[in-house]
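Worksheet for the structure shown next.
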Amino acid sequence: MLRLIALEARLLARERFAWVLLLFLALSCALAVANGRVLMDQQLDGRAIAAQGDAKARERVEGAFAPDFDRALAIVVPYWVRTQAVSPAPPLADFSAGRAAIEPHATTVTLRSRVDTLFERTAVDNPEAAARGSLDLGFVAVVLMPLALIGLGYGLFAADRESGAARLLLAQGGTPTRVLLARSVPRLLLVLGPLAMAAVVLLATGPQIDERGTAAGWWLLVAVALAAFWWAVILFVNALRIGAETAALTLVSVWAMLTLVLPAAVTATAQLAYPPPSRFAQIATARAAEMSSTTAYENDHPDLASESFAGRLASVRKSLSIARTVDRAVAPIARRFDAQLAGQQGIVRALAWLSPPMIAADAMTATAGTDVGRSLAFRRAAVDYMGQTKAALGGFIDRGAIMTRPEYAALPAFDWRPEPVRPVAQLLALFALALLVGAVALHRFRRVSV
């Protein structure tokens, strides 16, 4: 068998198309590596900038604890507190970009923060680039790799049967199973080789992040499982009594249906089933609540312009009261928005099992830490942290107390650590589909007649 595989590898090496395809995959992987490095650098730089902003904000607050600081101004210090909620860097953002390029990975929490404005700044610098998308290793594995396999395998047996060479091939190679195995190994290695090399380069040159090596192993296993599924489909189509051109058209149609049509249909279904509430309604509600609360408070407290301790205390209490009124007004809309997003994700997760490429893509982004689930989890954690911080800071104003250095140091800190994802179910599903389709294909090949 090894001699037969070596012979097929030498024959494949003589085909110009194989070298063109290898060059295409190598260039695609090289571009994916370059894009991945840029994205990972942006992720790390953004978190470093957030940390610097946090340090500067702490310096300002620390100055308020000096012995000669104006006591009348000290009551305003809770409004000076600015702290950052920063998500940990995704371990494989350079493998699968997912939503890392568009979702915020850090946000500033203050006493003025609101749930509807906490994430108003996204990570998108160029909307046009976001619309075009980027080429990463996940795109190579899910979109380009199957096309390369189809190009190498659409005529794996159909072309020989159509030309009449299959009889001679089986006479020399033995059973169809032996021939197919010998032809499959070098072709799969040709396609998976550049992908594996690109992954090794990214791991060797990338940052040191916890779970990065383990996550990369799971990511590559998903890529292998997807390749196995597509090769099983290719073998099944070759087992049909059709010509090579018909086989190529059939495989490209299956690829388009599973990779392009079904994911778009699933997304559209989720959006139709759970349409999110209008953001404009949320903004209008917040503005109306703010204006109403401001007017009511000013009518009840006509003397707020004093620079004395009592005057400043009344002023900050006014701001806090208005903010709390706005929070209560927009909370129902925020809850409906979160519920609709959760419903969308439920539909997407359920229907994704209809498409093996979707299964693989979701598993890759989840393993990389750039999926929608991790993004929503970070948002929920940041909103919870905002509530804790506002409650702690608002307590000083409610009591009319001046914050001390130990009390400032005891304020809650954001410490969210997502659990690493192990796509066991997706891997089992992909390998099971590959085994099932491959077994049917081999059963048909055993009954082949030429």
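We label chains A, B, ... in the order they appear in the structure tokens, count residues from 1 in each chain, and number ligands from 1 in the order shown.
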
Q) What lies within 12 Å of A:Ile49 using only C-alpha atoms, ignoring chain neighbours under 2 positions off, as a ChimeraX atom specification? A) /A:42-47,51-56,84,86,105-108

Q: Find the spatial neighbours of stretch 185-188 of chain A, counting only C-alpha atoms, within a cut-off of 9 Å - ignore same-chain residues fewer than 5 positions away - and output them as number ranges by chain.
A: A: 5-6, 8-9, 12, 18, 149, 152-153, 180, 193, 227-228, 231

Residues from the last selection, N, CA and C atoms, saved as a short mmCIF file (atom, residue, chain, number, x, y, z; two decimals), in the first residue's frame:
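Final output, selection.cif:
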```cif
data_model
loop_
_atom_site.label_atom_id
_atom_site.label_comp_id
_atom_site.auth_asym_id
_atom_site.auth_seq_id
_atom_site.Cartn_x
_atom_site.Cartn_y
_atom_site.Cartn_z
N ILE A 5 0.85 4.32 -2.64
CA ILE A 5 0.69 5.73 -2.26
C ILE A 5 1.84 6.57 -2.79
N ALA A 6 3.07 6.02 -2.71
CA ALA A 6 4.23 6.75 -3.22
C ALA A 6 4.13 6.94 -4.73
N GLU A 8 1.32 7.16 -6.48
CA GLU A 8 0.31 8.19 -6.72
C GLU A 8 0.86 9.58 -6.41
N ALA A 9 1.70 9.68 -5.37
CA ALA A 9 2.29 10.97 -5.04
C ALA A 9 3.20 11.45 -6.16
N LEU A 12 1.02 12.60 -9.01
CA LEU A 12 0.41 13.89 -8.69
C LEU A 12 1.42 15.01 -8.83
N ALA A 18 -1.80 20.44 -10.04
CA ALA A 18 -1.54 20.24 -8.62
C ALA A 18 -0.60 21.32 -8.08
N LEU A 149 -10.09 20.60 -2.69
CA LEU A 149 -10.33 19.15 -2.68
C LEU A 149 -11.19 18.73 -3.87
N LEU A 152 -9.14 18.61 -6.99
CA LEU A 152 -8.25 17.44 -7.05
C LEU A 152 -9.00 16.12 -7.16
N GLY A 153 -10.26 16.09 -6.72
CA GLY A 153 -10.92 14.81 -6.60
C GLY A 153 -12.17 14.59 -7.42
N LEU A 180 -8.45 3.89 -4.27
CA LEU A 180 -8.96 5.15 -3.74
C LEU A 180 -8.13 5.64 -2.56
N GLY A 193 -1.56 20.36 4.05
CA GLY A 193 -0.19 20.77 4.37
C GLY A 193 -0.02 22.27 4.54
N ALA A 227 -12.27 18.47 6.30
CA ALA A 227 -11.66 17.92 5.08
C ALA A 227 -12.09 16.47 4.87
N ALA A 228 -12.16 15.69 5.95
CA ALA A 228 -12.60 14.30 5.84
C ALA A 228 -14.03 14.22 5.34
N TRP A 231 -14.05 15.06 1.59
CA TRP A 231 -13.46 14.00 0.78
C TRP A 231 -14.41 12.80 0.70
#
```

Q.
For a quick check of understanding, using only C-alpha atoms, which of A:Val77, A:Cys29, A:Leu203, A:Ala198 has the smallest distance to A:Ala57?
A. A:Val77

**Q.** Nearest candidate to A:Val440 (options A:Asn238, A:Gln388, A:Gln345, A:Ser96; using only C-alpha atoms)
**A.** A:Asn238

Q: Could you please determine the separation between atom CA of A:Tyr274 and atom CA of A:Val383 in Å, to one decimal place?
A: 22.1 Å

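Proximity ranking of A:Ile402, A:Met197, A:Val33, A:Arg324 relative to A:Gly387 places A:Arg324 first, based on only C-alpha atoms.
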
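Pairwise distance (atom CA of A:Val424, atom CA of A:Ala34) equals 29.2 Å.
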
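Reported to one decimal place, the separation of atom CA of A:Thr83 from atom CA of A:Lys390 is 11.1 Å.
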
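The smallest atom-to-atom distance between A:Arg112 and any of A:Phe139, A:Tyr79, A:Phe95, A:Tyr408, using only C-alpha atoms, is found for A:Tyr79.
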